[in-house]
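J.: Got a file for you: start.pdb, PDB, C-alpha atoms.
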ATOM      1  CA  MET A  68     102.267 -79.825 -42.515
ATOM      2  CA  ALA A  69     100.914 -76.620 -44.068
ATOM      3  CA  LEU A  70     103.257 -76.923 -47.049
ATOM      4  CA  LYS A  71     101.729 -80.311 -47.852
ATOM      5  CA  LYS A  72      98.445 -78.462 -48.462
ATOM      6  CA  ALA A  73     100.017 -76.087 -51.002
ATOM      7  CA  GLU A  74      98.128 -75.494 -54.211
ATOM      8  CA  ILE A  75     100.419 -74.912 -57.188
ATOM      9  CA  ILE A  76      99.061 -73.007 -60.155
ATOM     10  CA  ASP A  77     100.694 -73.212 -63.594
ATOM     11  CA  LEU A  78     100.636 -69.647 -64.913
ATOM     12  CA  GLY A  79     101.157 -70.752 -68.490
ATOM     13  CA  GLU A  80     103.993 -71.171 -70.908
ATOM     14  CA  ASP A  81     107.080 -69.206 -69.837
ATOM     15  CA  GLU A  82     105.172 -67.569 -66.964
ATOM     16  CA  GLY A  83     106.186 -69.901 -64.135
ATOM     17  CA  TYR A  84     104.106 -70.987 -61.164
ATOM     18  CA  ALA A  85     102.216 -69.508 -58.243
ATOM     19  CA  ALA A  86     101.471 -71.273 -54.969
ATOM     20  CA  LYS A  87      99.167 -70.678 -52.024
ATOM     21  CA  ILE A  88      97.967 -72.537 -48.953
ATOM     22  CA  PRO A  89      94.222 -72.512 -48.249
ATOM     23  CA  GLY A  90      93.412 -70.754 -44.982
ATOM     24  CA  PHE A  91      96.488 -68.514 -45.033
ATOM     25  CA  ALA A  92      94.972 -65.261 -46.301
ATOM     26  CA  GLY A  93      97.300 -63.194 -48.452
ATOM     27  CA  LEU A  94     100.012 -65.846 -48.624
ATOM     28  CA  LEU A  95     101.196 -66.233 -52.209
ATOM     29  CA  ALA A  96     104.499 -67.134 -53.815
ATOM     30  CA  VAL A  97     105.710 -67.170 -57.406
ATOM     31  CA  GLY A  98     108.623 -68.956 -59.035
ATOM     32  CA  SER A  99     109.985 -70.117 -62.362
ATOM     33  CA  SER A 100     109.617 -73.828 -61.490
ATOM     34  CA  LYS A 101     107.612 -75.952 -59.071
ATOM     35  CA  LYS A 102     110.712 -76.405 -56.933
ATOM     36  CA  ALA A 103     111.386 -72.658 -56.915
ATOM     37  CA  VAL A 104     107.808 -71.723 -56.062
ATOM     38  CA  LEU A 105     107.721 -74.192 -53.152
ATOM     39  CA  SER A 106     110.981 -72.767 -51.818
ATOM     40  CA  GLU A 107     109.549 -69.244 -52.053
ATOM     41  CA  LEU A 108     106.322 -70.420 -50.416
ATOM     42  CA  GLU A 109     108.242 -71.919 -47.498
ATOM     43  CA  THR A 110     110.024 -68.614 -46.891
ATOM     44  CA  ALA A 111     106.794 -66.644 -47.265
ATOM     45  CA  LEU A 112     105.000 -69.020 -44.874
ATOM     46  CA  ASP A 113     107.669 -68.524 -42.204
ATOM     47  CA  ASP A 114     107.322 -64.747 -42.540
ATOM     48  CA  TRP A 115     103.515 -64.961 -42.586
ATOM     49  CA  MET A 116     103.421 -67.029 -39.382
ATOM     50  CA  SER A 117     105.913 -64.764 -37.605
ATOM     51  CA  LEU A 118     103.869 -61.679 -38.429
ATOM     52  CA  ALA A 119     100.563 -63.322 -37.468
ATOM     53  CA  LEU A 120     101.961 -64.378 -34.090
ATOM     54  CA  LYS A 121     103.567 -60.976 -33.514
ATOM     55  CA  ARG A 122     100.189 -59.340 -34.120
ATOM     56  CA  GLY A 123      98.419 -61.843 -31.853
ATOM     57  CA  LEU A 124      96.296 -63.215 -34.691
ATOM     58  CA  GLY A 125      97.056 -66.888 -34.137
ATOM     59  CA  LEU A 126      97.496 -69.448 -36.882
ATOM     60  CA  PRO A 127      94.938 -71.234 -39.033
ATOM     61  CA  ALA A 128      94.273 -74.885 -38.306
ATOM     62  CA  VAL A 129      95.683 -77.224 -40.912
ATOM     63  CA  VAL A 130      93.717 -80.456 -40.896
ATOM     64  CA  SER A 131      94.366 -83.436 -43.122
ATOM     65  CA  SER A 132      91.480 -84.911 -45.102
ATOM     66  CA  GLN A 133      91.905 -88.153 -43.116
ATOM     67  CA  LYS A 134      91.244 -86.296 -39.862
ATOM     68  CA  VAL A 135      88.184 -84.616 -41.370
ATOM     69  CA  ARG A 136      86.792 -87.999 -42.456
ATOM     70  CA  ALA A 137      87.530 -89.464 -39.015
ATOM     71  CA  ARG A 138      85.695 -86.584 -37.312
ATOM     72  CA  ALA A 139      82.730 -87.015 -39.651
ATOM     73  CA  MET A 140      82.558 -90.724 -38.842
ATOM     74  CA  VAL A 141      82.681 -90.068 -35.093
ATOM     75  CA  SER A 142      79.978 -87.389 -35.366
ATOM     76  CA  ALA A 143      77.626 -89.638 -37.341
TER      77      ALA A 143
END
For the structure just supplied, provide its representation as structure tokens.
T.:
Amino acid sequence: MALKKAEIIDLGEDEGYAAKIPGFAGLLAVGSSKKAVLSELETALDDWMSLALKRGLGLPAVVSSQKVRARAMVSA
């Protein structure tokens, strides 16, 4: 689910792409294509989560915009 929240940044002509996932501090991947950067991001995310759990930091909540809207409607 976290990968679906990835933000891909075009670094410009011949520079490739960068990708990050909001809420995952310090997680960043780079690649020559969108496919490559998402593959790198998946690997980096696995490593990031393993390290966070090993250090007892827990994982950020990844909430879809539909769930946020549903919560807002229930709260109103």
J.: Find the residues around region 71-87 of chain A up to 6 Å (only C-alpha atoms counted), leave out those fewer than 4 positions away in its own chain, and share them as an mmCIF file with C-alpha atoms, in the coordinates of the input.
T.:
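For reference, result.cif as written:
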data_model
loop_
_atom_site.group_PDB
_atom_site.id
_atom_site.type_symbol
_atom_site.label_atom_id
_atom_site.label_comp_id
_atom_site.auth_asym_id
_atom_site.auth_seq_id
_atom_site.Cartn_x
_atom_site.Cartn_y
_atom_site.Cartn_z
ATOM 1 C CA LEU A 94 100.012 -65.846 -48.624
ATOM 2 C CA LEU A 95 101.196 -66.233 -52.209
ATOM 3 C CA ALA A 96 104.499 -67.134 -53.815
ATOM 4 C CA VAL A 97 105.710 -67.170 -57.406
ATOM 5 C CA GLY A 98 108.623 -68.956 -59.035
ATOM 6 C CA SER A 99 109.985 -70.117 -62.362
ATOM 7 C CA SER A 100 109.617 -73.828 -61.490
#
J.: So, with only C-alpha atoms as the atoms that count, which of A:Met68, A:Leu120, A:Leu112, A:Val104 lies closest to Ala92 (chain A)?
T.: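 So, comparing all the options, the nearest one is A:Leu112.
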J.: For Leu70 (chain A), please output as a PyMOL selection string all residues within 8 Å (counting all atoms listed in the file; exclusion window: fewer than 3 positions along the same chain).
T.: chain A and resi 73+88+108-109
J.: For the file shown, what are the residues hit by the PyMOL selection byres ((chain A and resi 116) around 12), laid out as a list of chain:residue names?
T.: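 For this structure, the PyMOL selection byres ((chain A and resi 116) around 12) captures A:Ala69, A:Phe91, A:Ala92, A:Gly93, A:Leu94, A:Leu108, A:Glu109, A:Thr110, A:Ala111, A:Leu112, A:Asp113, A:Asp114, A:Trp115, A:Ser117, A:Leu118, A:Ala119, A:Leu120, A:Lys121, A:Arg122, A:Gly123, A:Leu124, A:Gly125, A:Leu126, A:Pro127.
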